[in-house]
$ cat upload33.tsv   # TSV, N, CA and C atoms
chain	number	residue	atom	x	y	z
A	1	MET	N	101.14	79.44	91.14
A	1	MET	CA	100.95	80.89	91.28
A	1	MET	C	101.88	81.58	90.29
A	2	PRO	N	101.36	82.51	89.47
A	2	PRO	CA	102.20	83.25	88.55
A	2	PRO	C	103.26	84.07	89.29
A	3	GLU	N	104.34	84.38	88.57
A	3	GLU	CA	105.42	85.14	89.20
A	3	GLU	C	105.00	86.56	89.56
A	4	ALA	N	104.18	87.19	88.73
A	4	ALA	CA	103.77	88.56	88.97
A	4	ALA	C	102.66	88.59	90.01
A	5	THR	N	103.01	89.00	91.22
A	5	THR	CA	102.04	89.06	92.31
A	5	THR	C	102.22	90.35	93.08
A	6	ARG	N	101.25	90.63	93.91
A	6	ARG	CA	101.31	91.79	94.81
A	6	ARG	C	100.79	91.32	96.15
A	7	SER	N	101.44	91.73	97.23
A	7	SER	CA	101.07	91.33	98.58
A	7	SER	C	100.37	92.48	99.31
A	8	GLY	N	99.63	92.09	100.34
A	8	GLY	CA	98.96	93.07	101.18
A	8	GLY	C	98.73	92.51	102.56
A	9	SER	N	98.24	93.37	103.46
A	9	SER	CA	97.99	92.92	104.83
A	9	SER	C	97.03	93.87	105.52
A	10	CYS	N	96.58	93.43	106.69
A	10	CYS	CA	95.79	94.29	107.56
A	10	CYS	C	96.73	95.25	108.28
A	11	ALA	N	96.18	96.16	109.07
A	11	ALA	CA	96.98	97.17	109.76
A	11	ALA	C	97.96	96.58	110.76
A	12	CYS	N	97.57	95.50	111.46
A	12	CYS	CA	98.46	94.93	112.46
A	12	CYS	C	99.40	93.87	111.88
A	13	GLY	N	99.18	93.46	110.63
A	13	GLY	CA	100.05	92.49	109.99
A	13	GLY	C	99.71	91.04	110.26
A	14	ALA	N	98.68	90.77	111.04
A	14	ALA	CA	98.33	89.39	111.35
A	14	ALA	C	97.84	88.64	110.12
A	15	VAL	N	97.07	89.32	109.26
A	15	VAL	CA	96.56	88.69	108.04
A	15	VAL	C	97.35	89.23	106.85
A	16	ARG	N	97.97	88.33	106.11
A	16	ARG	CA	98.72	88.68	104.90
A	16	ARG	C	98.18	87.87	103.75
A	17	TYR	N	98.16	88.49	102.59
A	17	TYR	CA	97.66	87.82	101.39
A	17	TYR	C	98.49	88.23	100.19
A	18	ARG	N	98.27	87.50	99.09
A	18	ARG	CA	98.95	87.79	97.83
A	18	ARG	C	97.96	87.56	96.70
A	19	ILE	N	98.00	88.42	95.69
A	19	ILE	CA	97.15	88.24	94.51
A	19	ILE	C	98.01	88.21	93.26
A	20	ALA	N	97.54	87.48	92.26
A	20	ALA	CA	98.22	87.43	90.96
A	20	ALA	C	97.88	88.69	90.17
A	21	LEU	N	98.82	89.14	89.37
A	21	LEU	CA	98.62	90.30	88.52
A	21	LEU	C	98.36	89.84	87.08
A	22	PRO	N	97.70	90.65	86.31
A	22	PRO	CA	97.13	91.93	86.66
A	22	PRO	C	95.77	91.75	87.34
A	23	PRO	N	95.28	92.78	88.03
A	23	PRO	CA	93.93	92.68	88.58
A	23	PRO	C	92.91	92.67	87.44
A	24	ARG	N	91.74	92.10	87.70
A	24	ARG	CA	90.67	92.11	86.69
A	24	ARG	C	90.17	93.53	86.45
A	25	TRP	N	90.09	94.31	87.50
A	25	TRP	CA	89.57	95.68	87.45
A	25	TRP	C	89.91	96.37	88.76
A	26	VAL	N	89.80	97.69	88.77
A	26	VAL	CA	89.92	98.50	89.99
A	26	VAL	C	88.83	99.56	89.92
A	27	ALA	N	88.03	99.68	90.98
A	27	ALA	CA	86.91	100.63	90.96
A	27	ALA	C	86.61	101.15	92.36
A	28	HIS	N	86.05	102.35	92.37
A	28	HIS	CA	85.54	102.96	93.60
A	28	HIS	C	84.09	102.54	93.75
A	29	CYS	N	83.72	101.94	94.88
A	29	CYS	CA	82.34	101.54	95.11
A	29	CYS	C	81.68	102.50	96.10
A	30	HIS	N	80.52	103.00	95.72
A	30	HIS	CA	79.79	103.97	96.53
A	30	HIS	C	78.54	103.37	97.17
A	31	CYS	N	78.35	102.05	97.12
A	31	CYS	CA	77.13	101.46	97.68
A	31	CYS	C	77.09	101.64	99.20
A	32	SER	N	75.89	101.67	99.74
A	32	SER	CA	75.73	101.93	101.17
A	32	SER	C	76.36	100.82	102.02
A	33	MET	N	76.35	99.58	101.53
A	33	MET	CA	76.94	98.48	102.31
A	33	MET	C	78.46	98.64	102.41
A	34	CYS	N	79.10	98.99	101.32
A	34	CYS	CA	80.55	99.21	101.36
A	34	CYS	C	80.90	100.41	102.23
A	35	ARG	N	80.11	101.48	102.11
A	35	ARG	CA	80.38	102.66	102.93
A	35	ARG	C	80.32	102.32	104.41
A	36	ARG	N	79.31	101.57	104.81
A	36	ARG	CA	79.18	101.21	106.23
A	36	ARG	C	80.28	100.25	106.68
A	37	ALA	N	80.59	99.28	105.85
A	37	ALA	CA	81.62	98.29	106.20
A	37	ALA	C	83.00	98.95	106.33
A	38	GLN	N	83.26	99.99	105.53
A	38	GLN	CA	84.56	100.65	105.54
A	38	GLN	C	84.60	101.87	106.44
A	39	GLY	N	83.42	102.44	106.75
A	39	GLY	CA	83.38	103.68	107.51
A	39	GLY	C	83.93	104.84	106.69
A	40	ALA	N	83.61	104.85	105.40
A	40	ALA	CA	84.16	105.86	104.50
A	40	ALA	C	83.14	106.23	103.43
A	41	ALA	N	83.41	107.31	102.70
A	41	ALA	CA	82.51	107.77	101.65
A	41	ALA	C	82.40	106.76	100.51
A	42	PHE	N	83.47	106.04	100.25
A	42	PHE	CA	83.49	104.97	99.25
A	42	PHE	C	84.71	104.11	99.52
A	43	VAL	N	84.75	102.95	98.90
A	43	VAL	CA	85.91	102.06	99.05
A	43	VAL	C	86.43	101.71	97.67
A	44	THR	N	87.74	101.62	97.55
A	44	THR	CA	88.35	101.25	96.28
A	44	THR	C	88.75	99.78	96.35
A	45	TRP	N	88.20	99.02	95.42
A	45	TRP	CA	88.43	97.58	95.35
A	45	TRP	C	89.26	97.23	94.13
A	46	ALA	N	90.02	96.15	94.24
A	46	ALA	CA	90.69	95.53	93.10
A	46	ALA	C	90.13	94.12	92.98
A	47	GLY	N	89.68	93.77	91.80
A	47	GLY	CA	89.15	92.43	91.56
A	47	GLY	C	90.28	91.49	91.18
A	48	ALA	N	90.44	90.42	91.93
A	48	ALA	CA	91.50	89.45	91.68
A	48	ALA	C	90.89	88.09	91.35
A	49	ASP	N	91.59	87.32	90.53
A	49	ASP	CA	91.15	85.96	90.25
A	49	ASP	C	91.31	85.12	91.51
A	50	GLU	N	90.25	84.41	91.87
A	50	GLU	CA	90.29	83.56	93.06
A	50	GLU	C	91.42	82.53	92.97
A	51	ALA	N	91.69	82.04	91.77
A	51	ALA	CA	92.76	81.05	91.59
A	51	ALA	C	94.14	81.65	91.87
A	52	GLY	N	94.28	82.97	91.76
A	52	GLY	CA	95.55	83.63	92.00
A	52	GLY	C	95.62	84.32	93.36
A	53	PHE	N	94.67	84.01	94.23
A	53	PHE	CA	94.64	84.59	95.57
A	53	PHE	C	95.21	83.59	96.57
A	54	VAL	N	96.14	84.05	97.41
A	54	VAL	CA	96.73	83.19	98.44
A	54	VAL	C	96.65	83.92	99.77
A	55	LEU	N	96.07	83.28	100.77
A	55	LEU	CA	96.10	83.80	102.13
A	55	LEU	C	97.39	83.27	102.74
A	56	GLU	N	98.38	84.14	102.92
A	56	GLU	CA	99.71	83.74	103.36
A	56	GLU	C	99.80	83.50	104.85
A	57	SER	N	99.05	84.28	105.64
A	57	SER	CA	99.06	84.11	107.09
A	57	SER	C	97.81	84.73	107.68
A	58	GLY	N	97.49	84.31	108.89
A	58	GLY	CA	96.38	84.89	109.62
A	58	GLY	C	95.04	84.25	109.40
A	59	ALA	N	95.00	83.03	108.89
A	59	ALA	CA	93.72	82.36	108.66
A	59	ALA	C	92.90	82.30	109.95
A	60	GLY	N	93.55	82.10	111.07
A	60	GLY	CA	92.84	82.04	112.34
A	60	GLY	C	92.34	83.39	112.83
A	61	ASP	N	92.91	84.46	112.32
A	61	ASP	CA	92.50	85.82	112.71
A	61	ASP	C	91.45	86.40	111.76
A	62	LEU	N	91.28	85.78	110.61
A	62	LEU	CA	90.35	86.30	109.62
A	62	LEU	C	88.91	86.03	110.07
A	63	GLN	N	88.11	87.06	110.11
A	63	GLN	CA	86.69	86.96	110.47
A	63	GLN	C	85.87	87.24	109.22
A	64	ARG	N	84.72	86.57	109.14
A	64	ARG	CA	83.85	86.74	107.98
A	64	ARG	C	82.47	87.17	108.43
A	65	HIS	N	81.87	88.03	107.63
A	65	HIS	CA	80.52	88.52	107.90
A	65	HIS	C	79.69	88.40	106.62
A	66	ARG	N	78.57	87.70	106.68
A	66	ARG	CA	77.68	87.60	105.53
A	66	ARG	C	76.85	88.88	105.52
A	67	SER	N	77.21	89.79	104.61
A	67	SER	CA	76.55	91.09	104.56
A	67	SER	C	75.27	91.08	103.74
A	68	SER	N	75.07	90.04	102.97
A	68	SER	CA	73.83	89.83	102.22
A	68	SER	C	73.76	88.34	101.89
A	69	PRO	N	72.63	87.86	101.39
A	69	PRO	CA	72.54	86.43	101.10
A	69	PRO	C	73.61	85.92	100.15
A	70	GLU	N	74.10	86.78	99.27
A	70	GLU	CA	75.09	86.33	98.30
A	70	GLU	C	76.51	86.81	98.57
A	71	ALA	N	76.74	87.61	99.61
A	71	ALA	CA	78.06	88.21	99.79
A	71	ALA	C	78.65	87.98	101.18
A	72	VAL	N	79.97	87.86	101.20
A	72	VAL	CA	80.74	87.71	102.44
A	72	VAL	C	81.86	88.74	102.45
A	73	ARG	N	81.98	89.44	103.55
A	73	ARG	CA	83.07	90.41	103.75
A	73	ARG	C	84.00	89.84	104.83
A	74	SER	N	85.30	89.95	104.59
A	74	SER	CA	86.29	89.42	105.53
A	74	SER	C	87.14	90.56	106.08
A	75	PHE	N	87.48	90.43	107.35
A	75	PHE	CA	88.27	91.45	108.03
A	75	PHE	C	89.16	90.80	109.07
A	76	CYS	N	90.17	91.53	109.52
A	76	CYS	CA	91.06	91.01	110.56
A	76	CYS	C	90.36	91.09	111.91
A	77	GLY	N	90.30	89.98	112.62
A	77	GLY	CA	89.67	89.93	113.93
A	77	GLY	C	90.50	90.59	115.02
A	78	ARG	N	91.77	90.86	114.76
A	78	ARG	CA	92.62	91.53	115.75
A	78	ARG	C	92.49	93.05	115.66
A	79	CYS	N	92.66	93.59	114.45
A	79	CYS	CA	92.69	95.06	114.31
A	79	CYS	C	91.45	95.62	113.60
A	80	GLY	N	90.64	94.76	113.00
A	80	GLY	CA	89.40	95.20	112.37
A	80	GLY	C	89.52	95.67	110.94
A	81	THR	N	90.69	95.60	110.35
A	81	THR	CA	90.87	96.09	108.98
A	81	THR	C	89.99	95.31	107.99
A	82	PRO	N	89.15	96.00	107.22
A	82	PRO	CA	88.38	95.35	106.16
A	82	PRO	C	89.33	94.93	105.04
A	83	LEU	N	89.21	93.69	104.58
A	83	LEU	CA	90.17	93.16	103.61
A	83	LEU	C	89.56	92.67	102.30
A	84	PHE	N	88.57	91.77	102.39
A	84	PHE	CA	88.10	91.07	101.19
A	84	PHE	C	86.58	91.08	101.08
A	85	PHE	N	86.13	90.88	99.85
A	85	PHE	CA	84.71	90.77	99.55
A	85	PHE	C	84.56	89.67	98.50
A	86	GLN	N	83.62	88.77	98.71
A	86	GLN	CA	83.31	87.74	97.72
A	86	GLN	C	81.80	87.64	97.59
A	87	SER	N	81.34	87.39	96.36
A	87	SER	CA	79.91	87.31	96.11
A	87	SER	C	79.64	86.30	95.00
A	88	THR	N	78.50	85.66	95.12
A	88	THR	CA	78.08	84.73	94.06
A	88	THR	C	77.77	85.50	92.77
A	89	ARG	N	77.60	86.82	92.87
A	89	ARG	CA	77.39	87.63	91.66
A	89	ARG	C	78.64	87.70	90.81
A	90	TRP	N	79.81	87.50	91.42
A	90	TRP	CA	81.08	87.53	90.70
A	90	TRP	C	81.88	86.27	91.04
A	91	PRO	N	81.43	85.12	90.54
A	91	PRO	CA	82.13	83.87	90.86
A	91	PRO	C	83.57	83.88	90.33
A	92	GLY	N	84.44	83.27	91.10
A	92	GLY	CA	85.84	83.18	90.69
A	92	GLY	C	86.66	84.42	90.99
A	93	GLU	N	86.07	85.39	91.71
A	93	GLU	CA	86.78	86.62	92.06
A	93	GLU	C	86.87	86.79	93.57
A	94	VAL	N	87.96	87.41	94.00
A	94	VAL	CA	88.10	87.92	95.36
A	94	VAL	C	88.39	89.40	95.20
A	95	HIS	N	87.60	90.24	95.84
A	95	HIS	CA	87.84	91.68	95.78
A	95	HIS	C	88.65	92.05	97.02
A	96	VAL	N	89.75	92.75	96.82
A	96	VAL	CA	90.61	93.17	97.93
A	96	VAL	C	90.56	94.69	98.03
A	97	THR	N	90.59	95.19	99.25
A	97	THR	CA	90.61	96.64	99.44
A	97	THR	C	91.97	97.15	98.97
A	98	LEU	N	91.93	98.07	98.03
A	98	LEU	CA	93.16	98.55	97.42
A	98	LEU	C	94.13	99.13	98.45
A	99	ALA	N	93.60	99.78	99.47
A	99	ALA	CA	94.45	100.42	100.48
A	99	ALA	C	95.24	99.43	101.32
A	100	THR	N	94.88	98.14	101.28
A	100	THR	CA	95.62	97.15	102.07
A	100	THR	C	96.79	96.52	101.32
A	101	LEU	N	96.95	96.87	100.05
A	101	LEU	CA	98.11	96.37	99.31
A	101	LEU	C	99.36	97.08	99.80
A	102	ASP	N	100.45	96.35	99.89
A	102	ASP	CA	101.73	96.96	100.31
A	102	ASP	C	102.18	98.00	99.30
A	103	ASP	N	101.89	97.76	98.04
A	103	ASP	CA	102.25	98.68	96.95
A	103	ASP	C	101.13	98.65	95.92
A	104	ALA	N	100.40	99.73	95.81
A	104	ALA	CA	99.27	99.78	94.86
A	104	ALA	C	99.64	100.52	93.58
A	105	ALA	N	100.93	100.72	93.33
A	105	ALA	CA	101.36	101.38	92.10
A	105	ALA	C	100.84	100.60	90.90
A	106	GLY	N	100.27	101.32	89.95
A	106	GLY	CA	99.75	100.68	88.75
A	106	GLY	C	98.31	100.22	88.87
A	107	PHE	N	97.73	100.32	90.04
A	107	PHE	CA	96.34	99.92	90.26
A	107	PHE	C	95.45	101.16	90.16
A	108	GLU	N	95.34	101.71	89.00
A	108	GLU	CA	94.56	102.93	88.80
A	108	GLU	C	93.08	102.60	88.71
A	109	PRO	N	92.24	103.26	89.51
A	109	PRO	CA	90.80	103.03	89.40
A	109	PRO	C	90.30	103.37	87.99
A	110	GLN	N	89.36	102.55	87.51
A	110	GLN	CA	88.84	102.69	86.16
A	110	GLN	C	87.45	103.30	86.13
A	111	GLN	N	86.73	103.26	87.27
A	111	GLN	CA	85.38	103.81	87.28
A	111	GLN	C	84.85	103.93	88.71
A	112	HIS	N	83.72	104.61	88.81
A	112	HIS	CA	82.94	104.69	90.04
A	112	HIS	C	81.71	103.81	89.83
A	113	VAL	N	81.43	102.90	90.77
A	113	VAL	CA	80.23	102.06	90.66
A	113	VAL	C	79.26	102.41	91.78
A	114	HIS	N	78.00	102.11	91.55
A	114	HIS	CA	76.90	102.48	92.47
A	114	HIS	C	76.90	103.98	92.71
A	115	TRP	N	77.14	104.72	91.64
A	115	TRP	CA	77.27	106.17	91.70
A	115	TRP	C	76.05	106.86	92.28
A	116	THR	N	74.84	106.40	91.92
A	116	THR	CA	73.64	107.08	92.41
A	116	THR	C	73.42	106.86	93.90
A	117	ASP	N	74.15	105.93	94.50
A	117	ASP	CA	74.04	105.65	95.93
A	117	ASP	C	75.06	106.45	96.75
A	118	ARG	N	75.84	107.28	96.10
A	118	ARG	CA	76.93	108.01	96.76
A	118	ARG	C	76.41	109.00	97.81
A	119	VAL	N	77.30	109.40	98.71
A	119	VAL	CA	76.97	110.43	99.69
A	119	VAL	C	77.13	111.80	99.03
A	120	ALA	N	76.30	112.74	99.43
A	120	ALA	CA	76.31	114.06	98.80
A	120	ALA	C	77.54	114.89	99.16
A	121	TRP	N	78.16	114.59	100.29
A	121	TRP	CA	79.27	115.42	100.77
A	121	TRP	C	80.64	115.04	100.21
A	122	ALA	N	80.73	113.95	99.45
A	122	ALA	CA	82.01	113.56	98.83
A	122	ALA	C	81.96	113.94	97.35
A	123	HIS	N	82.90	114.75	96.92
A	123	HIS	CA	82.92	115.22	95.54
A	123	HIS	C	84.09	114.57	94.81
A	124	CYS	N	83.78	113.95	93.69
A	124	CYS	CA	84.78	113.23	92.90
A	124	CYS	C	84.87	113.89	91.53
A	125	GLY	N	85.89	114.65	91.31
A	125	GLY	CA	86.06	115.33	90.04
A	125	GLY	C	87.16	114.73	89.19
A	126	ASP	N	87.29	113.40	89.25
A	126	ASP	CA	88.39	112.74	88.56
A	126	ASP	C	88.09	112.40	87.11
A	127	GLY	N	86.85	112.57	86.65
A	127	GLY	CA	86.51	112.29	85.26
A	127	GLY	C	86.34	110.83	84.92
A	128	LEU	N	86.40	109.94	85.90
A	128	LEU	CA	86.20	108.51	85.63
A	128	LEU	C	84.74	108.24	85.29
A	129	PRO	N	84.47	107.20	84.49
A	129	PRO	CA	83.08	106.84	84.20
A	129	PRO	C	82.33	106.50	85.50
A	130	ARG	N	81.03	106.77	85.49
A	130	ARG	CA	80.18	106.49	86.64
A	130	ARG	C	79.06	105.57	86.20
A	131	SER	N	78.81	104.51	86.99
A	131	SER	CA	77.77	103.55	86.64
A	131	SER	C	77.03	103.06	87.87
A	132	ASP	N	75.92	102.43	87.63
A	132	ASP	CA	75.15	101.82	88.71
A	132	ASP	C	75.19	100.34	88.58
$ encode --input "upload33.tsv" --output "structure tokens"
Amino acid sequence: MPEATRSGSCACGAVRYRIALPPRWVAHCHCSMCRRAQGAAFVTWAGADEAGFVLESGAGDLQRHRSSPEAVRSFCGRCGTPLFFQSTRWPGEVHVTLATLDDAAGFEPQQHVHWTDRVAWAHCGDGLPRSD
């Protein structure tokens, strides 16, 4: 594991993880599946290399849900915090919810994805690129 890492956890602390830096990317996702899984207008993800991802604790508390034929979403079974996303569309990556990092300094979002799927009531005037 490289020296430069960042740790994160669920709300209750049962599940802890660490990712290697730098992240591959950071983006706001507006797809309907992410919105429902998070209960929010959009979710901000950081893409991490699977080889640099370590589940430090809580393996027994981690629950997984196959949200589509190619994707799995993981969350804490104790407190329900959404944590990770993995898909065969992005092999070798683990996407972590940015809000679960202990310190997200330097993890600036680079774009909005699935922009046309966004909710009408959330307004994003940040000037970031928007893509589908």
$ select_by_dssp --input "upload33.tsv" --residues "chain A" --states "strand (DSSP E)" --output "ChimeraX atom specification"
/A:5-9,16-20,25-29,43-49,53-57,62-68,71-76,82-87,93-97,111-113,130-131
$ atom_distance --input "upload33.tsv" --atom1 "atom N of His28 of chain A" --atom2 "atom C of Gly127 of chain A"
11.3 Å
$ closest_residue --input "upload33.tsv" --among "A:Ala20, A:Val43, A:Ala37, A:Leu128" --to "His65 of chain A" --atoms "only C-alpha atoms"
A:Ala37
$ atom_distance --input "upload33.tsv" --atom1 "atom C of Asp49 of chain A" --atom2 "atom CA of Val94 of chain A"
5.7 Å
$ closest_residue --input "upload33.tsv" --among "A:Cys79, A:Gly47, A:Ala40, A:Ala71" --to "Gly13 of chain A" --atoms "only N, CA and C atoms"
A:Cys79
$ residues_around --input "upload33.tsv" --residues "Trp45 of chain A" --least-positions-apart "6" --cutoff "7 Å" --atoms "all atoms listed in the file" --output "number ranges by chain"
A: 25-29, 95-99
$ select_by_dssp --input "upload33.tsv" --residues "chain A" --states "alpha helix (DSSP H)" --output "VMD selection string"
chain A and resid 32 to 38
$ closest_residue --input "upload33.tsv" --among "A:Ala14, A:Met33, A:Ala122, A:Leu101" --to "Glu56 of chain A" --atoms "only N, CA and C atoms"
A:Ala14
$ residues_around --input "upload33.tsv" --residues "Ala4 of chain A" --least-positions-apart "2" --cutoff "6 Å" --atoms "all atoms listed in the file" --output "list in words"
Pro2, Arg6, Ile19, Ala20 and Leu21 of chain A
$ closest_residue --input "upload33.tsv" --among "A:Ser7, A:Thr100, A:Ser32, A:Thr116" --to "Pro82 of chain A" --atoms "only C-alpha atoms"
A:Thr100
$ atom_distance --input "upload33.tsv" --atom1 "atom CA of Asp61 of chain A" --atom2 "atom CA of Tyr17 of chain A"
12.6 Å
$ build_atoms --input "upload33.tsv" --residues "segment 37-47 of chain A" --atoms "all heavy atoms" --output "PDB file, keeping the file's coordinate frame"
ATOM      1  N   ALA A  37      80.590  99.280 105.850  1.00  0.00           N
ATOM      2  CA  ALA A  37      81.620  98.290 106.200  1.00  0.00           C
ATOM      3  C   ALA A  37      83.000  98.950 106.330  1.00  0.00           C
ATOM      4  O   ALA A  37      83.819  98.517 107.139  1.00  0.00           O
ATOM      5  CB  ALA A  37      81.665  97.176 105.163  1.00  0.00           C
ATOM      6  N   GLN A  38      83.260  99.990 105.530  1.00  0.00           N
ATOM      7  CA  GLN A  38      84.560 100.650 105.540  1.00  0.00           C
ATOM      8  C   GLN A  38      84.600 101.870 106.440  1.00  0.00           C
ATOM      9  O   GLN A  38      85.681 102.329 106.809  1.00  0.00           O
ATOM     10  CB  GLN A  38      84.925 101.096 104.118  1.00  0.00           C
ATOM     11  CG  GLN A  38      84.875 100.008 103.083  1.00  0.00           C
ATOM     12  CD  GLN A  38      85.885  98.922 103.312  1.00  0.00           C
ATOM     13  OE1 GLN A  38      87.041  99.198 103.604  1.00  0.00           O
ATOM     14  NE2 GLN A  38      85.474  97.682 103.191  1.00  0.00           N
ATOM     15  N   GLY A  39      83.420 102.440 106.750  1.00  0.00           N
ATOM     16  CA  GLY A  39      83.380 103.680 107.510  1.00  0.00           C
ATOM     17  C   GLY A  39      83.930 104.840 106.690  1.00  0.00           C
ATOM     18  O   GLY A  39      84.629 105.701 107.217  1.00  0.00           O
ATOM     19  N   ALA A  40      83.610 104.850 105.400  1.00  0.00           N
ATOM     20  CA  ALA A  40      84.160 105.860 104.500  1.00  0.00           C
ATOM     21  C   ALA A  40      83.140 106.230 103.430  1.00  0.00           C
ATOM     22  O   ALA A  40      82.142 105.535 103.245  1.00  0.00           O
ATOM     23  CB  ALA A  40      85.428 105.326 103.847  1.00  0.00           C
ATOM     24  N   ALA A  41      83.410 107.310 102.700  1.00  0.00           N
ATOM     25  CA  ALA A  41      82.510 107.770 101.650  1.00  0.00           C
ATOM     26  C   ALA A  41      82.400 106.760 100.510  1.00  0.00           C
ATOM     27  O   ALA A  41      81.365 106.640  99.866  1.00  0.00           O
ATOM     28  CB  ALA A  41      82.982 109.108 101.095  1.00  0.00           C
ATOM     29  N   PHE A  42      83.470 106.040 100.250  1.00  0.00           N
ATOM     30  CA  PHE A  42      83.490 104.970  99.250  1.00  0.00           C
ATOM     31  C   PHE A  42      84.710 104.110  99.520  1.00  0.00           C
ATOM     32  O   PHE A  42      85.586 104.491 100.297  1.00  0.00           O
ATOM     33  CB  PHE A  42      83.470 105.508  97.808  1.00  0.00           C
ATOM     34  CG  PHE A  42      84.616 106.418  97.462  1.00  0.00           C
ATOM     35  CD1 PHE A  42      85.806 105.917  96.960  1.00  0.00           C
ATOM     36  CD2 PHE A  42      84.485 107.789  97.609  1.00  0.00           C
ATOM     37  CE1 PHE A  42      86.855 106.760  96.626  1.00  0.00           C
ATOM     38  CE2 PHE A  42      85.520 108.651  97.279  1.00  0.00           C
ATOM     39  CZ  PHE A  42      86.707 108.133  96.783  1.00  0.00           C
ATOM     40  N   VAL A  43      84.750 102.950  98.900  1.00  0.00           N
ATOM     41  CA  VAL A  43      85.910 102.060  99.050  1.00  0.00           C
ATOM     42  C   VAL A  43      86.430 101.710  97.670  1.00  0.00           C
ATOM     43  O   VAL A  43      85.658 101.546  96.726  1.00  0.00           O
ATOM     44  CB  VAL A  43      85.573 100.783  99.856  1.00  0.00           C
ATOM     45  CG1 VAL A  43      84.510  99.969  99.179  1.00  0.00           C
ATOM     46  CG2 VAL A  43      86.813  99.940 100.088  1.00  0.00           C
ATOM     47  N   THR A  44      87.740 101.620  97.550  1.00  0.00           N
ATOM     48  CA  THR A  44      88.350 101.250  96.280  1.00  0.00           C
ATOM     49  C   THR A  44      88.750  99.780  96.350  1.00  0.00           C
ATOM     50  O   THR A  44      89.493  99.374  97.243  1.00  0.00           O
ATOM     51  CB  THR A  44      89.577 102.134  95.975  1.00  0.00           C
ATOM     52  OG1 THR A  44      89.182 103.502  96.088  1.00  0.00           O
ATOM     53  CG2 THR A  44      90.104 101.859  94.584  1.00  0.00           C
ATOM     54  N   TRP A  45      88.200  99.020  95.420  1.00  0.00           N
ATOM     55  CA  TRP A  45      88.430  97.580  95.350  1.00  0.00           C
ATOM     56  C   TRP A  45      89.260  97.230  94.130  1.00  0.00           C
ATOM     57  O   TRP A  45      89.155  97.878  93.099  1.00  0.00           O
ATOM     58  CB  TRP A  45      87.101  96.831  95.223  1.00  0.00           C
ATOM     59  CG  TRP A  45      86.183  96.926  96.378  1.00  0.00           C
ATOM     60  CD1 TRP A  45      85.064  97.720  96.476  1.00  0.00           C
ATOM     61  CD2 TRP A  45      86.245  96.186  97.596  1.00  0.00           C
ATOM     62  NE1 TRP A  45      84.446  97.522  97.687  1.00  0.00           N
ATOM     63  CE2 TRP A  45      85.148  96.576  98.386  1.00  0.00           C
ATOM     64  CE3 TRP A  45      87.124  95.235  98.099  1.00  0.00           C
ATOM     65  CZ2 TRP A  45      84.910  96.047  99.656  1.00  0.00           C
ATOM     66  CZ3 TRP A  45      86.890  94.707  99.351  1.00  0.00           C
ATOM     67  CH2 TRP A  45      85.793  95.112 100.127  1.00  0.00           C
ATOM     68  N   ALA A  46      90.020  96.150  94.240  1.00  0.00           N
ATOM     69  CA  ALA A  46      90.690  95.530  93.100  1.00  0.00           C
ATOM     70  C   ALA A  46      90.130  94.120  92.980  1.00  0.00           C
ATOM     71  O   ALA A  46      90.114  93.377  93.961  1.00  0.00           O
ATOM     72  CB  ALA A  46      92.205  95.497  93.299  1.00  0.00           C
ATOM     73  N   GLY A  47      89.680  93.770  91.800  1.00  0.00           N
ATOM     74  CA  GLY A  47      89.150  92.430  91.560  1.00  0.00           C
ATOM     75  C   GLY A  47      90.280  91.490  91.180  1.00  0.00           C
ATOM     76  O   GLY A  47      91.019  91.756  90.220  1.00  0.00           O
TER      77      GLY A  47
END
